[in-house]
Amino acid sequence: MTSPPDPGAHPDPEQPRPVPPAPPQFGSGLPGLEQADEPWQRLDGPSAPAPVPDPHGSWRTEGLIFAGVLMVCQGILAALQGIAGILGDPYYRDVADYTYRISLTGWGVIHLVLGVAVAATGAGILRRARWARLPGLLFTSLSLVAQFLFLPYQPVWSIIVIALDIFIIWALAASPGGLRGGGERHKGIARPNPSP
């Protein structure tokens, strides 16, 4: 009894087997283009959609970094301002009739404590610590209120710090999950919307 012929065997063993054509490669025919590692750049079909760039994402993230630097600098300056108030520096004007009048030592302690807190949370923002965002908003808001109440003592400096505090609050509130463990949009991965 004879065995059935092998369907994969070539009828004439002397003839070479035909070689199937190779599948086209990405960039074939174009010099200098090779196959990329990203799945959305492959010809064999995407396994994930291409990331959709957020036109405001990098600007907000850079604003978050800038806010962290400002928080560290502002915290150090507020601590120095507080130390000068505690030591009774004659540079500060004395305000006689003011509703929120506190002694210079009291203002010094307030600025020193807030300055250390703002600088510490600013360092946390720069390290992209998750815990630093809400305390940063809280301490910066308290700094804004304290500088507003300190206006009669140092009006120009207080207005500058208030403006910086407003920017810091905006940057902390508007950044797109810009701290560690942030959202997928910040990481550059866009998920498709499920169809109903």
# chains A, B, ... in the order shown; residues from 1 in each chain; ligands from 1
>>> residues_around(residues="stretch 71-83 of chain A", least_positions_apart="5", cutoff="8 Å", atoms="only C-alpha atoms", output="JSON list (two decimals) with N, CA, C and O atoms, in the first residue's frame")
[["chain", "number", "residue", "atom", "x", "y", "z"],
["A", 107, "TRP", "N", 3.62, 88.93, 63.15],
["A", 107, "TRP", "CA", 3.72, 88.80, 61.70],
["A", 107, "TRP", "C", 4.95, 87.99, 61.32],
["A", 107, "TRP", "O", 4.94, 87.22, 60.37],
["A", 108, "GLY", "N", 6.04, 88.18, 62.06],
["A", 108, "GLY", "CA", 7.25, 87.42, 61.77],
["A", 108, "GLY", "C", 7.04, 85.93, 61.93],
["A", 108, "GLY", "O", 7.49, 85.13, 61.09],
["A", 109, "VAL", "N", 6.34, 85.54, 63.00],
["A", 109, "VAL", "CA", 6.08, 84.11, 63.22],
["A", 109, "VAL", "C", 5.17, 83.56, 62.11],
["A", 109, "VAL", "O", 5.40, 82.47, 61.57],
["A", 110, "ILE", "N", 4.13, 84.34, 61.74],
["A", 110, "ILE", "CA", 3.22, 83.91, 60.67],
["A", 110, "ILE", "C", 3.98, 83.70, 59.37],
["A", 110, "ILE", "O", 3.83, 82.67, 58.69],
["A", 111, "HIS", "N", 4.81, 84.67, 58.98],
["A", 111, "HIS", "CA", 5.56, 84.56, 57.72],
["A", 111, "HIS", "C", 6.60, 83.45, 57.77],
["A", 111, "HIS", "O", 6.83, 82.77, 56.76],
["A", 112, "LEU", "N", 7.23, 83.26, 58.92],
["A", 112, "LEU", "CA", 8.23, 82.20, 59.04],
["A", 112, "LEU", "C", 7.58, 80.83, 58.88],
["A", 112, "LEU", "O", 8.07, 79.98, 58.10],
["A", 113, "VAL", "N", 6.48, 80.59, 59.57],
["A", 113, "VAL", "CA", 5.80, 79.29, 59.49],
["A", 113, "VAL", "C", 5.27, 79.04, 58.07],
["A", 113, "VAL", "O", 5.47, 77.96, 57.49],
["A", 114, "LEU", "N", 4.59, 80.05, 57.50],
["A", 114, "LEU", "CA", 4.07, 79.89, 56.14],
["A", 114, "LEU", "C", 5.20, 79.72, 55.13],
["A", 114, "LEU", "O", 5.07, 78.95, 54.17],
["A", 115, "GLY", "N", 6.30, 80.45, 55.31],
["A", 115, "GLY", "CA", 7.42, 80.34, 54.38],
["A", 115, "GLY", "C", 8.02, 78.95, 54.37],
["A", 115, "GLY", "O", 8.30, 78.39, 53.30],
["A", 116, "VAL", "N", 8.20, 78.37, 55.56],
["A", 116, "VAL", "CA", 8.75, 77.01, 55.62],
["A", 116, "VAL", "C", 7.77, 76.02, 54.99],
["A", 116, "VAL", "O", 8.18, 75.12, 54.23],
["A", 117, "ALA", "N", 6.47, 76.19, 55.26],
["A", 117, "ALA", "CA", 5.47, 75.27, 54.70],
["A", 117, "ALA", "C", 5.41, 75.38, 53.17],
["A", 117, "ALA", "O", 5.34, 74.37, 52.47],
["A", 118, "VAL", "N", 5.43, 76.61, 52.65],
["A", 118, "VAL", "CA", 5.37, 76.80, 51.20],
["A", 118, "VAL", "C", 6.63, 76.24, 50.53],
["A", 118, "VAL", "O", 6.55, 75.58, 49.48],
["A", 119, "ALA", "N", 7.79, 76.48, 51.12],
["A", 119, "ALA", "CA", 9.04, 75.96, 50.54],
["A", 119, "ALA", "C", 9.06, 74.44, 50.56],
["A", 119, "ALA", "O", 9.48, 73.81, 49.58],
["A", 120, "ALA", "N", 8.57, 73.82, 51.63],
["A", 120, "ALA", "CA", 8.57, 72.35, 51.71],
["A", 120, "ALA", "C", 7.62, 71.75, 50.68],
["A", 120, "ALA", "O", 7.97, 70.77, 50.00],
["A", 121, "THR", "N", 6.44, 72.33, 50.53],
["A", 121, "THR", "CA", 5.51, 71.79, 49.52],
["A", 121, "THR", "C", 6.01, 72.08, 48.10],
["A", 121, "THR", "O", 5.78, 71.29, 47.20],
["A", 122, "GLY", "N", 6.69, 73.21, 47.91],
["A", 122, "GLY", "CA", 7.29, 73.49, 46.61],
["A", 122, "GLY", "C", 8.35, 72.46, 46.25],
["A", 122, "GLY", "O", 8.44, 72.02, 45.09],
["A", 123, "ALA", "N", 9.14, 72.05, 47.25],
["A", 123, "ALA", "CA", 10.13, 70.98, 46.99],
["A", 123, "ALA", "C", 9.42, 69.67, 46.65],
["A", 123, "ALA", "O", 9.87, 68.92, 45.78],
["A", 161, "VAL", "N", 4.02, 89.46, 45.79],
["A", 161, "VAL", "CA", 3.83, 88.10, 46.29],
["A", 161, "VAL", "C", 2.41, 87.62, 46.04],
["A", 161, "VAL", "O", 2.19, 86.45, 45.71],
["A", 168, "ILE", "N", 0.73, 80.61, 41.13],
["A", 168, "ILE", "CA", 1.02, 79.29, 41.70],
["A", 168, "ILE", "C", -0.27, 78.51, 41.89],
["A", 168, "ILE", "O", -0.36, 77.32, 41.57]]
>>> atom_distance(atom1="atom CA of A:Pro152", atom2="atom CA of A:Leu104")
12.1 Å
>>> residues_around(residues="A:Leu134", least_positions_apart="5", cutoff="12 Å", atoms="only C-alpha atoms", output="number ranges by chain")
A: 118, 121-122, 124-125, 129, 139-141, 169, 172-173, 179
>>> atom_distance(atom1="atom CA of A:Thr105", atom2="atom CA of A:Leu138")
23.3 Å
>>> atom_distance(atom1="atom CA of A:Phe167", atom2="atom CA of A:Gly106")
26.9 Å
>>> residues_around(residues="A:Val95", least_positions_apart="3", cutoff="12 Å", atoms="only C-alpha atoms", output="PyMOL selection string")
chain A and resi 92+98-104+149-155
>>> write_last_selection(atoms="N, CA and C atoms", output="mmCIF file, in the first residue's frame")
data_model
loop_
_atom_site.group_PDB
_atom_site.id
_atom_site.type_symbol
_atom_site.label_atom_id
_atom_site.label_comp_id
_atom_site.auth_asym_id
_atom_site.auth_seq_id
_atom_site.Cartn_x
_atom_site.Cartn_y
_atom_site.Cartn_z
ATOM 1 N N TYR A 92 10.432 97.744 58.509
ATOM 2 C CA TYR A 92 8.977 97.692 58.411
ATOM 3 C C TYR A 92 8.368 98.929 59.055
ATOM 4 N N TYR A 98 -5.010 100.237 62.243
ATOM 5 C CA TYR A 98 -5.242 99.210 61.236
ATOM 6 C C TYR A 98 -6.071 98.125 61.897
ATOM 7 N N THR A 99 -7.111 97.702 61.223
ATOM 8 C CA THR A 99 -8.040 96.736 61.806
ATOM 9 C C THR A 99 -7.340 95.426 62.144
ATOM 10 N N TYR A 100 -6.432 94.976 61.268
ATOM 11 C CA TYR A 100 -5.763 93.697 61.475
ATOM 12 C C TYR A 100 -4.357 93.891 62.014
ATOM 13 N N ARG A 101 -4.200 94.850 62.908
ATOM 14 C CA ARG A 101 -2.872 95.163 63.438
ATOM 15 C C ARG A 101 -2.408 94.043 64.356
ATOM 16 N N ILE A 102 -1.255 93.500 64.026
ATOM 17 C CA ILE A 102 -0.580 92.484 64.834
ATOM 18 C C ILE A 102 0.837 92.995 65.041
ATOM 19 N N SER A 103 1.443 92.632 66.147
ATOM 20 C CA SER A 103 2.819 93.068 66.381
ATOM 21 C C SER A 103 3.735 92.489 65.303
ATOM 22 N N LEU A 104 4.874 93.145 65.110
ATOM 23 C CA LEU A 104 5.827 92.656 64.104
ATOM 24 C C LEU A 104 6.339 91.261 64.441
ATOM 25 N N LEU A 149 -3.182 90.883 54.180
ATOM 26 C CA LEU A 149 -3.295 91.526 55.487
ATOM 27 C C LEU A 149 -2.023 92.298 55.847
ATOM 28 N N PHE A 150 -0.910 91.959 55.242
ATOM 29 C CA PHE A 150 0.378 92.610 55.511
ATOM 30 C C PHE A 150 0.606 93.826 54.607
ATOM 31 N N LEU A 151 -0.366 94.137 53.728
ATOM 32 C CA LEU A 151 -0.211 95.236 52.758
ATOM 33 C C LEU A 151 0.246 96.557 53.370
ATOM 34 N N PRO A 152 -0.310 97.019 54.495
ATOM 35 C CA PRO A 152 0.127 98.320 55.012
ATOM 36 C C PRO A 152 1.587 98.354 55.462
ATOM 37 N N TYR A 153 2.152 97.205 55.805
ATOM 38 C CA TYR A 153 3.535 97.174 56.269
ATOM 39 C C TYR A 153 4.518 97.235 55.101
ATOM 40 N N GLN A 154 4.266 96.479 54.053
ATOM 41 C CA GLN A 154 5.125 96.441 52.863
ATOM 42 C C GLN A 154 4.235 96.330 51.624
ATOM 43 N N PRO A 155 3.658 97.439 51.130
ATOM 44 C CA PRO A 155 2.661 97.333 50.061
ATOM 45 C C PRO A 155 3.199 96.789 48.744
#
>>> select_by_dssp(residues="stretch 55-164 of chain A", states="helix (DSSP H, G or I)", output="ChimeraX atom specification")
/A:57-86,104-126,130-149,155-164
